[in-house]
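**Student:** So that we are looking at the same thing, I have put the structure below in structure tokens.
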Amino acid sequence: DDADDPSATAMSDAPPTSDAGAGRARRVGLLEALAGTLARCEERLNEVNDKYTFELCPEYRLKMGKTIGRATRVGMTYDAHARRYRVAVKHAVRGGKDEDEDEDEDEDEATARARPMFWKAMKKIVFDPEEKRVEVFTQRLSCGPLSLRGVGEYDVERSEWGLRWQLQTFHKEKKRLRSAEVKLTERVRGCMRWDVSSAAPEVEGKVGSGEKFTFDVDVGSYHVSVPRLELKIDLDHM
């Protein structure tokens, strides 16, 4: 009798091998798909981490300025990182407020005509005591799309002089840092110079006969930097 056969009983109790293998394959496939998804997410997160950044490694500068007479502004800039200072003499513009000596201010025609004769020809005079050098910058002479400026320099230590020129087109972009100022006292202001560059995210896809639907995501970029912190002291009326 089959009911009394032990081998028949053992065969009937054994699990179906094909069903167990299929279940194991599904679990492995699911784990591999999950691992792939996590890897792609990690890759995108790393890309976002690389392209969305904030940089705070500023130079620290102390600026002091004083207006002499009605048309001349003398300013001293001390760079704490480089441990050096420069003195610049310029035409007093915008109410005699000190401006960045490395940037050219745009003046309207009325302001340009009101400049004294000397400052109609000269832009600024820069003294660098550390290098014992004096530089004299002329105003830009524009002709059509071109502008020309002359720069005279004198090395006090070597008793050598030189003259160089700068020619540029009006297409040249003026790269200026953005600024935010905080009035600390009547004569002291704190200033943060910062800049931002960005690109919007983009998604691009493709579909066609005989091809699978594909798409690619560009996460864009956003970079904020604070390259300079300044403390400005106005010495007028002291």
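Naming scheme: A, B, ... for chains in displayed order of the structure tokens; residues 1 onward per chain; ligands 1 onward as shown.
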Give me the residues within 6 Å of Tyr154 in chain A as a short mmCIF file (atom, residue, chain, number, x, y, z; two decimals) with N, CA and C atoms, in the first residue's frame, counting only C-alpha atoms and dropping any in the same chain fewer than 2 places off.

**Tutor:**
```cif
data_model
loop_
_atom_site.label_atom_id
_atom_site.label_comp_id
_atom_site.auth_asym_id
_atom_site.auth_seq_id
_atom_site.Cartn_x
_atom_site.Cartn_y
_atom_site.Cartn_z
N ARG A 133 56.43 101.75 -5.25
CA ARG A 133 56.03 102.00 -6.62
C ARG A 133 54.89 103.02 -6.66
N VAL A 134 54.91 103.87 -7.67
CA VAL A 134 53.87 104.86 -7.90
C VAL A 134 53.30 104.62 -9.30
N GLU A 160 63.52 103.71 -11.63
CA GLU A 160 63.16 103.36 -13.00
C GLU A 160 61.72 103.76 -13.26
N TRP A 161 61.47 104.20 -14.47
CA TRP A 161 60.12 104.58 -14.84
C TRP A 161 59.69 103.80 -16.10
#
```

**Student:** Identify, on the basis of only C-alpha atoms, every residue whose closest approach to Arg187 in chain A does not exceed 8 Å; exclude the query and any residue fewer than 3 positions from it along the same chain; express the result as an NGL selection string.

**Tutor:** :A and (184 or 233-235)

**Student:** For the residues selected in the previous step, produce a file with N, CA and C atoms as a tab-separated table (two decimals), in the first residue's frame.

**Tutor:**
```
chain	number	residue	atom	x	y	z
A	184	LEU	N	27.61	101.12	11.06
A	184	LEU	CA	27.91	100.80	12.46
A	184	LEU	C	27.85	102.04	13.34
A	233	ILE	N	36.13	103.50	7.18
A	233	ILE	CA	36.12	104.60	8.14
A	233	ILE	C	36.25	105.90	7.36
A	234	ASP	N	35.27	106.79	7.57
A	234	ASP	CA	35.26	108.09	6.90
A	234	ASP	C	35.92	109.12	7.83
A	235	LEU	N	37.01	109.74	7.36
A	235	LEU	CA	37.76	110.69	8.18
A	235	LEU	C	37.37	112.14	7.91
```

**Student:** I'd like to know which of A:Asp236, A:Glu55, A:Glu157, A:Glu47 is closest to Val74 in chain A, using only C-alpha atoms.

**Tutor:**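 Of the candidates, the smallest distance to Val74 in chain A is held by A:Asp236.
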
**Student:** As a PyMOL selection string, please: all residues of range 50-166 of chain A that backbone DSSP puts in strand (DSSP E or B).

**Tutor:** chain A and resi 52-68+72-79+84-91+122-128+133-138+141-143+146-155+160-166

**Student:** Have a look at CA of Cys57 in chain A and CA of Val224 in chain A and let me know their distance in Å, one decimal.

**Tutor:**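 So the answer is 11.3 Å.
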
**Student:** Could you give me, as JSON, numbers by chain, the residues within 12 Å of Lys63 in chain A, counting only C-alpha atoms and dropping anything in the same chain fewer than 2 positions from it?

**Tutor:** {"A": [60, 61, 65, 66, 74, 75, 76, 77, 78, 79, 80, 85, 86, 87, 88, 97, 98, 99, 100, 101, 187, 188, 189, 190, 191, 229, 230, 231, 232, 233, 234, 235]}

**Student:** Calculated over only C-alpha atoms, which of the candidates A:Glu204, A:Ile68, A:Ser147, A:Val196 has the smallest distance to Ser179 in chain A?

**Tutor:**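 Closest to Ser179 in chain A of all the choices is A:Val196.
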
**Student:** Report, in Å with one decimal, the straight-line distance from CA of Ala121 in chain A to CA of Ser159 in chain A.

**Tutor:**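 So the two atoms, CA of Ala121 in chain A and CA of Ser159 in chain A, lie 24.8 Å apart.
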
**Student:** From range 26-145 of chain A, collect each residue whose DSSP state is alpha helix (DSSP H) and return the set as an MDAnalysis selection string.

**Tutor:** chainID A and resid 26:51 109:113 117:121

**Student:** Just how far from CA of Arg193 in chain A is CA of Arg115 in chain A, in Å to one decimal?

**Tutor:**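 Interatomic distance here is 28.8 Å.
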
**Student:** Which residue, A:Val219, A:Ala180, A:Val151, A:Leu146, has the smallest gap to Leu167 in chain A when you use only C-alpha atoms?

**Tutor:**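 Among the listed residues, the smallest separation from Leu167 in chain A belongs to A:Leu146.
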
**Student:** When you look at Thr72 in chain A with a cut-off of 6 Å (counting only C-alpha atoms), what residues show up, excluding the ones that are within fewer than 4 positions of it in the same chain? I need them as a ChimeraX atom specification.

**Tutor:** /A:67-68,90-92

**Student:** Compile the contact shell of Pro116 in chain A as an mmCIF file with C-alpha atoms, in the first residue's frame: residues with an atom at most 8 Å away, counting only C-alpha atoms, same-chain residues fewer than 3 positions apart removed.

**Tutor:**
```cif
data_model
loop_
_atom_site.group_PDB
_atom_site.id
_atom_site.type_symbol
_atom_site.label_atom_id
_atom_site.label_comp_id
_atom_site.auth_asym_id
_atom_site.auth_seq_id
_atom_site.Cartn_x
_atom_site.Cartn_y
_atom_site.Cartn_z
ATOM 1 C CA ALA A 71 37.594 117.594 -5.685
ATOM 2 C CA TRP A 119 41.129 115.093 -13.065
ATOM 3 C CA LYS A 120 39.770 115.469 -16.582
#
```
